[in-house]
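Have a look at coords15.csv; it's CSV, C-alpha atoms:
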```
chain,number,residue,atom,x,y,z
G,1,MET,CA,-31.8,-117.6,86.7
G,2,GLU,CA,-32.8,-118.1,83.1
G,3,LYS,CA,-31.6,-121.3,81.5
G,4,ILE,CA,-31.7,-122.7,78.0
G,5,PRO,CA,-33.3,-126.1,78.1
G,6,ILE,CA,-31.4,-129.1,76.8
G,7,LEU,CA,-33.6,-132.0,75.5
G,8,ARG,CA,-32.5,-135.5,75.1
G,9,MET,CA,-33.7,-137.5,72.1
G,10,GLY,CA,-32.2,-141.0,71.9
G,11,GLN,CA,-28.4,-140.5,71.6
G,12,PHE,CA,-28.7,-136.9,70.7
G,13,LEU,CA,-29.1,-133.7,72.7
G,14,LEU,CA,-31.3,-130.9,71.3
G,15,VAL,CA,-31.0,-127.2,72.1
G,16,THR,CA,-33.3,-124.5,70.7
G,17,ILE,CA,-32.1,-121.0,71.4
G,18,GLN,CA,-35.2,-118.8,71.5
G,19,VAL,CA,-33.9,-115.8,73.3
G,20,ASP,CA,-31.2,-113.2,72.7
G,21,LEU,CA,-28.2,-114.6,74.5
G,22,TYR,CA,-26.3,-112.5,76.8
G,23,ASP,CA,-22.8,-113.7,77.7
G,24,ARG,CA,-23.6,-115.4,81.0
G,25,LEU,CA,-26.4,-117.4,79.5
G,26,ALA,CA,-24.2,-118.5,76.6
G,27,LEU,CA,-21.4,-119.5,78.9
G,28,ASN,CA,-23.8,-121.5,81.1
G,29,LEU,CA,-25.2,-123.2,78.0
G,30,GLU,CA,-21.7,-124.2,77.0
G,31,SER,CA,-20.9,-125.8,80.3
G,32,ASP,CA,-24.4,-127.3,80.8
G,33,LEU,CA,-24.1,-128.9,77.3
G,34,VAL,CA,-20.7,-130.4,77.8
G,35,GLN,CA,-21.7,-131.8,81.2
G,36,MET,CA,-24.9,-133.3,79.7
G,37,VAL,CA,-22.8,-134.9,76.9
G,38,ASN,CA,-20.6,-136.5,79.6
G,39,LYS,CA,-23.5,-137.5,81.8
G,40,THR,CA,-25.7,-139.0,79.0
G,41,GLY,CA,-23.0,-140.3,76.7
G,42,ALA,CA,-24.8,-138.5,73.9
G,43,ARG,CA,-23.2,-139.0,70.5
G,44,GLY,CA,-24.5,-135.8,68.9
G,45,VAL,CA,-25.6,-132.3,69.8
G,46,LEU,CA,-28.0,-130.3,67.6
G,47,ILE,CA,-28.2,-126.6,68.2
G,48,ASP,CA,-31.1,-124.7,66.5
G,49,ILE,CA,-30.4,-121.0,66.1
G,50,SER,CA,-33.2,-120.2,63.7
G,51,ALA,CA,-34.6,-117.7,66.2
G,52,VAL,CA,-31.3,-116.0,66.8
G,53,SER,CA,-31.0,-112.7,64.9
G,54,ILE,CA,-27.4,-111.8,66.0
G,55,VAL,CA,-24.3,-114.0,66.2
G,56,ASP,CA,-21.3,-111.9,67.1
G,57,SER,CA,-17.8,-113.1,67.6
G,58,PHE,CA,-18.4,-114.1,71.2
G,59,MET,CA,-21.4,-116.2,70.4
G,60,GLY,CA,-19.5,-117.6,67.4
G,61,ARG,CA,-16.7,-118.6,69.7
G,62,ILE,CA,-19.2,-120.3,72.1
G,63,LEU,CA,-20.6,-122.4,69.2
G,64,GLY,CA,-17.0,-123.3,68.2
G,65,ASN,CA,-16.1,-124.2,71.8
G,66,ILE,CA,-19.2,-126.4,72.2
G,67,ALA,CA,-18.3,-128.2,69.0
G,68,SER,CA,-14.6,-128.8,70.0
G,69,MET,CA,-15.5,-129.8,73.6
G,70,SER,CA,-18.2,-132.2,72.5
G,71,LYS,CA,-15.8,-133.6,69.9
G,72,ILE,CA,-13.3,-134.5,72.6
G,73,LEU,CA,-16.1,-136.3,74.5
G,74,ASP,CA,-16.9,-138.2,71.2
G,75,ALA,CA,-20.0,-136.3,70.2
G,76,GLU,CA,-20.6,-134.4,67.0
G,77,THR,CA,-22.2,-130.9,67.0
G,78,VAL,CA,-24.4,-129.5,64.2
G,79,VAL,CA,-25.7,-126.0,64.2
G,80,VAL,CA,-29.0,-125.6,62.2
G,81,GLY,CA,-31.3,-123.0,61.0
G,82,MET,CA,-28.9,-120.0,60.7
G,83,GLN,CA,-30.6,-117.0,59.2
G,84,PRO,CA,-29.1,-115.9,55.9
G,85,ALA,CA,-28.4,-112.4,57.2
G,86,VAL,CA,-26.5,-113.9,60.1
G,87,ALA,CA,-24.4,-116.1,57.7
G,88,ILE,CA,-23.6,-113.0,55.6
G,89,THR,CA,-22.6,-111.0,58.7
G,90,LEU,CA,-20.4,-113.8,60.2
G,91,VAL,CA,-18.4,-114.2,57.0
G,92,GLU,CA,-17.8,-110.5,56.6
G,93,LEU,CA,-16.9,-110.3,60.3
G,94,GLY,CA,-14.2,-112.9,59.6
G,95,LEU,CA,-15.8,-115.8,61.5
G,96,PRO,CA,-16.8,-118.5,59.1
G,97,LEU,CA,-17.4,-121.0,62.0
G,98,LYS,CA,-14.8,-123.5,60.8
G,99,GLY,CA,-15.0,-126.8,62.4
G,100,VAL,CA,-18.7,-126.5,63.2
G,101,TYR,CA,-21.0,-128.6,61.1
G,102,THR,CA,-24.1,-126.8,59.9
G,103,ALA,CA,-27.3,-127.8,58.3
G,104,LEU,CA,-30.2,-125.9,56.9
G,105,ASN,CA,-32.9,-127.2,59.3
G,106,VAL,CA,-33.5,-129.6,62.1
G,107,GLU,CA,-34.4,-132.5,59.9
G,108,LYS,CA,-31.2,-132.2,57.8
G,109,GLY,CA,-29.2,-131.7,60.9
G,110,MET,CA,-30.5,-134.9,62.4
G,111,GLU,CA,-29.7,-136.7,59.1
G,112,LEU,CA,-26.2,-135.3,59.2
G,113,LEU,CA,-25.7,-136.4,62.8
G,114,ARG,CA,-26.9,-139.9,62.1
G,115,SER,CA,-24.6,-140.2,59.1
G,116,ARG,CA,-21.7,-138.9,61.1
G,117,ILE,CA,-22.0,-141.4,63.9
G,118,GLY,CA,-23.3,-144.2,61.6
G,119,PRO,CA,-21.5,-147.4,60.7
G,120,ASP,CA,-18.7,-145.6,59.0
G,121,HIS,CA,-17.6,-144.2,62.4
G,122,GLU,CA,-14.0,-145.0,61.8
G,123,GLU,CA,-13.8,-142.5,59.0
G,124,LEU,CA,-14.5,-139.6,61.4
G,125,ASP,CA,-10.9,-139.2,62.2
G,126,ASP,CA,-10.1,-138.1,58.7
G,127,ASP,CA,-12.3,-135.1,58.8
G,128,ASP,CA,-11.4,-131.6,59.8
G,129,ASP,CA,-12.8,-131.1,63.3
G,130,GLY,CA,-10.4,-128.6,64.6
G,131,GLY,CA,-12.9,-125.9,65.8
G,132,ILE,CA,-12.3,-122.2,65.6
G,133,GLU,CA,-8.7,-121.2,66.2
N,1,MET,CA,-24.8,-84.3,57.9
N,2,VAL,CA,-28.1,-83.7,59.7
N,3,VAL,CA,-29.0,-85.4,63.0
N,4,LEU,CA,-32.7,-86.3,63.0
N,5,ASN,CA,-33.0,-88.2,66.2
N,6,LYS,CA,-30.8,-88.7,69.3
N,7,ASP,CA,-30.6,-91.2,72.2
N,8,ARG,CA,-28.0,-92.0,74.8
N,9,MET,CA,-27.5,-95.2,76.6
N,10,SER,CA,-25.1,-96.1,79.4
N,11,ILE,CA,-23.5,-99.5,79.3
N,12,GLN,CA,-22.2,-100.7,82.6
N,13,ARG,CA,-23.0,-104.4,82.7
N,14,GLU,CA,-23.2,-107.3,80.4
N,15,GLN,CA,-27.0,-107.3,80.9
N,16,ASP,CA,-27.1,-103.9,79.2
N,17,VAL,CA,-26.0,-105.4,75.9
N,18,VAL,CA,-29.3,-107.0,74.8
N,19,PRO,CA,-31.5,-103.9,75.6
N,20,PHE,CA,-28.9,-101.8,73.7
N,21,ARG,CA,-29.0,-104.0,70.7
N,22,ASN,CA,-32.8,-103.8,70.7
N,23,ARG,CA,-32.6,-100.1,70.8
N,24,VAL,CA,-30.3,-100.0,67.8
N,25,LYS,CA,-32.6,-102.3,66.0
N,26,GLU,CA,-35.6,-100.0,66.7
N,27,TYR,CA,-33.7,-97.2,65.1
N,28,ALA,CA,-32.6,-99.2,62.1
N,29,VAL,CA,-36.2,-100.4,61.5
N,30,LYS,CA,-37.5,-96.9,61.9
N,31,ILE,CA,-35.5,-95.7,58.9
N,32,GLY,CA,-36.5,-98.8,56.9
N,33,MET,CA,-33.1,-100.5,56.9
N,34,GLY,CA,-33.1,-103.9,55.3
N,35,LEU,CA,-32.6,-107.1,57.3
N,36,VAL,CA,-29.0,-107.8,56.2
N,37,ASN,CA,-27.8,-104.3,56.9
N,38,GLN,CA,-29.7,-104.3,60.2
N,39,THR,CA,-27.9,-107.5,61.2
N,40,LYS,CA,-24.5,-106.1,60.2
N,41,LEU,CA,-25.1,-102.9,62.1
N,42,ILE,CA,-26.3,-104.7,65.3
N,43,THR,CA,-23.5,-107.2,65.1
N,44,ALA,CA,-20.9,-104.4,64.8
N,45,ALA,CA,-22.6,-102.6,67.7
N,46,SER,CA,-22.4,-105.7,69.7
N,47,GLU,CA,-18.7,-106.2,69.1
N,48,LEU,CA,-17.9,-102.6,70.0
N,49,VAL,CA,-20.0,-102.6,73.1
N,50,ARG,CA,-18.3,-105.8,74.2
N,51,ASN,CA,-14.9,-104.2,73.7
N,52,MET,CA,-16.1,-101.3,75.8
N,53,LEU,CA,-17.1,-103.6,78.6
N,54,ARG,CA,-14.0,-105.8,78.4
N,55,TYR,CA,-11.4,-103.1,78.2
N,56,ALA,CA,-13.0,-100.1,79.8
N,57,GLN,CA,-15.5,-101.5,82.2
N,58,GLY,CA,-18.3,-99.8,80.3
N,59,GLY,CA,-19.1,-96.4,78.9
N,60,GLU,CA,-21.7,-94.6,77.0
N,61,VAL,CA,-23.2,-94.9,73.5
N,62,LEU,CA,-24.9,-92.2,71.5
N,63,ILE,CA,-27.5,-93.5,69.0
N,64,GLU,CA,-28.4,-91.1,66.2
N,65,VAL,CA,-30.4,-91.2,63.0
N,66,VAL,CA,-28.5,-89.1,60.5
N,67,SER,CA,-29.2,-87.9,57.1
N,68,ARG,CA,-26.8,-86.9,54.3
N,69,GLY,CA,-28.4,-85.9,51.0
N,70,ARG,CA,-31.1,-88.4,50.3
N,71,GLU,CA,-29.5,-91.1,52.4
N,72,ASN,CA,-30.5,-91.9,55.9
N,73,GLY,CA,-28.4,-93.9,58.3
N,74,VAL,CA,-27.8,-94.8,61.9
N,75,ARG,CA,-24.7,-93.4,63.6
N,76,LEU,CA,-23.4,-94.9,66.9
N,77,THR,CA,-20.7,-93.3,69.0
N,78,PHE,CA,-19.1,-95.4,71.7
N,79,MET,CA,-17.3,-93.4,74.3
N,80,ASP,CA,-15.3,-94.9,77.2
N,81,LYS,CA,-12.8,-93.7,79.7
N,82,GLY,CA,-10.7,-96.8,79.6
N,83,PRO,CA,-7.0,-97.3,79.2
N,84,GLY,CA,-7.1,-96.3,75.5
N,85,ILE,CA,-5.3,-97.9,72.6
N,86,ALA,CA,-1.6,-97.3,72.2
N,87,ASP,CA,-1.3,-98.5,68.6
N,88,ILE,CA,-4.5,-98.1,66.6
N,89,ASP,CA,-3.0,-99.4,63.4
N,90,GLN,CA,-2.1,-102.6,65.1
N,91,ALA,CA,-5.5,-102.8,66.8
N,92,MET,CA,-7.1,-102.6,63.4
N,93,LYS,CA,-5.2,-105.6,62.1
N,94,ASP,CA,-7.0,-109.0,61.9
N,95,GLY,CA,-5.9,-111.4,64.6
N,96,PHE,CA,-4.4,-108.8,66.9
N,97,SER,CA,-5.7,-108.8,70.5
N,98,THR,CA,-4.3,-107.9,73.9
N,99,GLY,CA,-7.3,-109.5,75.5
N,100,ARG,CA,-8.4,-113.1,75.2
N,101,SER,CA,-10.5,-112.6,72.2
N,102,LEU,CA,-10.1,-113.6,68.6
N,103,GLY,CA,-8.9,-110.2,67.6
N,104,LEU,CA,-11.7,-109.8,65.0
N,105,GLY,CA,-13.5,-107.1,66.9
N,106,LEU,CA,-12.2,-103.8,65.3
N,107,PRO,CA,-11.3,-104.9,61.8
N,108,GLY,CA,-14.3,-107.2,61.6
N,109,THR,CA,-16.6,-104.4,62.8
N,110,LYS,CA,-15.1,-102.0,60.2
N,111,ARG,CA,-16.0,-104.4,57.4
N,112,LEU,CA,-19.6,-104.5,58.6
N,113,VAL,CA,-20.3,-100.8,58.5
N,114,SER,CA,-20.3,-98.0,56.0
N,115,GLU,CA,-18.1,-95.6,57.9
N,116,PHE,CA,-15.7,-96.3,60.8
N,117,ASN,CA,-13.7,-93.8,62.9
N,118,ILE,CA,-11.6,-94.4,66.0
N,119,ARG,CA,-9.9,-92.0,68.2
N,120,SER,CA,-8.0,-93.0,71.3
N,121,GLN,CA,-5.8,-91.4,73.9
N,122,VAL,CA,-3.8,-93.6,76.2
N,123,GLY,CA,-5.0,-93.1,79.8
N,124,GLU,CA,-8.0,-91.1,78.7
N,125,GLY,CA,-10.2,-93.4,76.7
N,126,THR,CA,-11.4,-94.4,73.3
N,127,THR,CA,-14.2,-93.1,71.1
N,128,VAL,CA,-15.4,-95.2,68.1
N,129,THR,CA,-18.0,-93.8,65.7
N,130,ILE,CA,-19.7,-96.0,63.1
N,131,ILE,CA,-22.3,-95.2,60.5
N,132,LYS,CA,-24.4,-97.6,58.6
N,133,TRP,CA,-26.3,-96.1,55.7
N,134,LYS,CA,-29.7,-97.5,55.0
N,135,ASN,CA,-28.6,-98.7,51.6
N,136,GLY,CA,-24.9,-98.8,52.4
```

Starting from the file, lay out its structure as structure tokens.
Amino acid sequence: MEKIPILRMGQFLLVTIQVDLYDRLALNLESDLVQMVNKTGARGVLIDISAVSIVDSFMGRILGNIASMSKILDAETVVVGMQPAVAITLVELGLPLKGVYTALNVEKGMELLRSRIGPDHEELDDDDDGGIE
Amino acid sequence: MVVLNKDRMSIQREQDVVPFRNRVKEYAVKIGMGLVNQTKLITAASELVRNMLRYAQGGEVLIEVVSRGRENGVRLTFMDKGPGIADIDQAMKDGFSTGRSLGLGLPGTKRLVSEFNIRSQVGEGTTVTIIKWKNG
């Protein structure tokens, strides 16, 4: 069975999606990630989708789910490296990935994660973190 | 409209989706479609094929390269023998879904392609045809 590897780096989990996801694989990733967050007590999840050429509504929902579920377990999720054509398509499709933090690349994503779980942790509650409805 | 090239794929399982998307991409690349339009077409195809699997347990897709005047495009016809759609106008509204999805499928898909046509007969099935013109 194919699996998407989840790497641990300090208090973050890193996932790089390098293959075209079919539904089963995406659902497994969702549950694996949430379990890993629980097991490791990770404070952040970074998902690199720079090699993903298609994000449809199913995949978008999975990303939203991961963000909402992790949030409940006190971890922030950042999706990085989205291809411009994918961003254009997602917005036209009507799925602007509300509630999912995004960053241009891995480096900026890590910065964002660090700033979100930094000393101003109390402020997190004020922010919109609802996930996709 | 002239059909230049034709292919047929049967979609029965979730695992058929990725090869199908790749086939659509091949055709789009063959006619020189740009990356953004390719992405829109493949995403639209992915939504429709997913509907087909979810509501009709699969079906068949016709992939064609079509030409009208000086414009080339890819036409996809999704045919299933599922339960059909009782109220197409309602199904085309954002946010409507009888399943557990977001209800973006049909209206979202329509926004991504150049031409969109849906015909459905309750109890007999649904046929959706989309065209994405190379520069459309």

### Query
How many Å separate CA of Phe12 (chain G) from CA of Leu97 (chain G)?
21.4 Å

### Task
Could the residues of chain G within 6 Å of chain N, counting only C-alpha atoms, be given as JSON, numbers by chain, please?
{"G": [56, 85, 89, 93]}

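Note that the spacing between CA of Glu2 (chain G) and CA of Met69 (chain G) amounts to 22.9 Å.
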
### Message
Nearest residue to Glu92 (chain G) out of G:Ser57, G:Ser31, G:Asn38, G:Asn65, using only C-alpha atoms?
### Response
G:Ser57

### Query
If you count all atoms listed in the file, which residues fall within 6 Å of region 74-77 of chain N, apart from same-chain ones fewer than 2 positions away, as an NGL selection string?
:N and (61-66 or 128-132)

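Distance annotation: of G:Met36, G:Val15, G:Val55, G:Leu46, the residue with the minimal separation from Val91 (chain G) is G:Val55; atom set is all atoms listed in the file.
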
### Sel. within 12 Å of pt (-31.0, -132.6, 62.5), counting all atoms listed in the file, output as number ranges by chain
G: 9, 12-16, 44-48, 76-81, 101-116

Please produce an output containing C-alpha atoms for each residue in the selection, written as a compact mmCIF listing (two decimals), in the frame of the given file.
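Below is the file part_24.txt, written as the result:
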```
# COMPACT_ATOMS: atom_id res chain seq x y z
CA MET G 9 -33.70 -137.50 72.10
CA PHE G 12 -28.70 -136.90 70.70
CA LEU G 13 -29.10 -133.70 72.70
CA LEU G 14 -31.30 -130.90 71.30
CA VAL G 15 -31.00 -127.20 72.10
CA THR G 16 -33.30 -124.50 70.70
CA GLY G 44 -24.50 -135.80 68.90
CA VAL G 45 -25.60 -132.30 69.80
CA LEU G 46 -28.00 -130.30 67.60
CA ILE G 47 -28.20 -126.60 68.20
CA ASP G 48 -31.10 -124.70 66.50
CA GLU G 76 -20.60 -134.40 67.00
CA THR G 77 -22.20 -130.90 67.00
CA VAL G 78 -24.40 -129.50 64.20
CA VAL G 79 -25.70 -126.00 64.20
CA VAL G 80 -29.00 -125.60 62.20
CA GLY G 81 -31.30 -123.00 61.00
CA TYR G 101 -21.00 -128.60 61.10
CA THR G 102 -24.10 -126.80 59.90
CA ALA G 103 -27.30 -127.80 58.30
CA LEU G 104 -30.20 -125.90 56.90
CA ASN G 105 -32.90 -127.20 59.30
CA VAL G 106 -33.50 -129.60 62.10
CA GLU G 107 -34.40 -132.50 59.90
CA LYS G 108 -31.20 -132.20 57.80
CA GLY G 109 -29.20 -131.70 60.90
CA MET G 110 -30.50 -134.90 62.40
CA GLU G 111 -29.70 -136.70 59.10
CA LEU G 112 -26.20 -135.30 59.20
CA LEU G 113 -25.70 -136.40 62.80
CA ARG G 114 -26.90 -139.90 62.10
CA SER G 115 -24.60 -140.20 59.10
CA ARG G 116 -21.70 -138.90 61.10
```

### Message
Let me make sure I understand: among N:Ile118, N:Lys6, N:Val29, N:Glu124, which one has the smallest atom-to-atom distance to Asp89 (chain N) if we use all atoms listed in the file?
### Response
N:Ile118

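Interatomic distance, CA of Gly60 (chain G) to CA of Tyr55 (chain N): 19.8 Å.
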
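Near Thr40 (chain G), within a cut-off of 9 Å and counting only C-alpha atoms, sit the residues Arg8, Gln11, Leu13, Gln35, Met36, Val37 and Arg43 of chain G, with same-chain residues fewer than 3 positions away left out.
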
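Proximity of N:Ser114, N:Asn51, N:Ser67, N:Gln121 to Pro83 (chain N), computed with all atoms listed in the file, is greatest for N:Gln121.
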
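Distance check against Lys134 (chain N) using only C-alpha atoms: of N:Lys93, N:Lys30, N:Arg8, N:Lys81, the minimum falls on N:Lys30.
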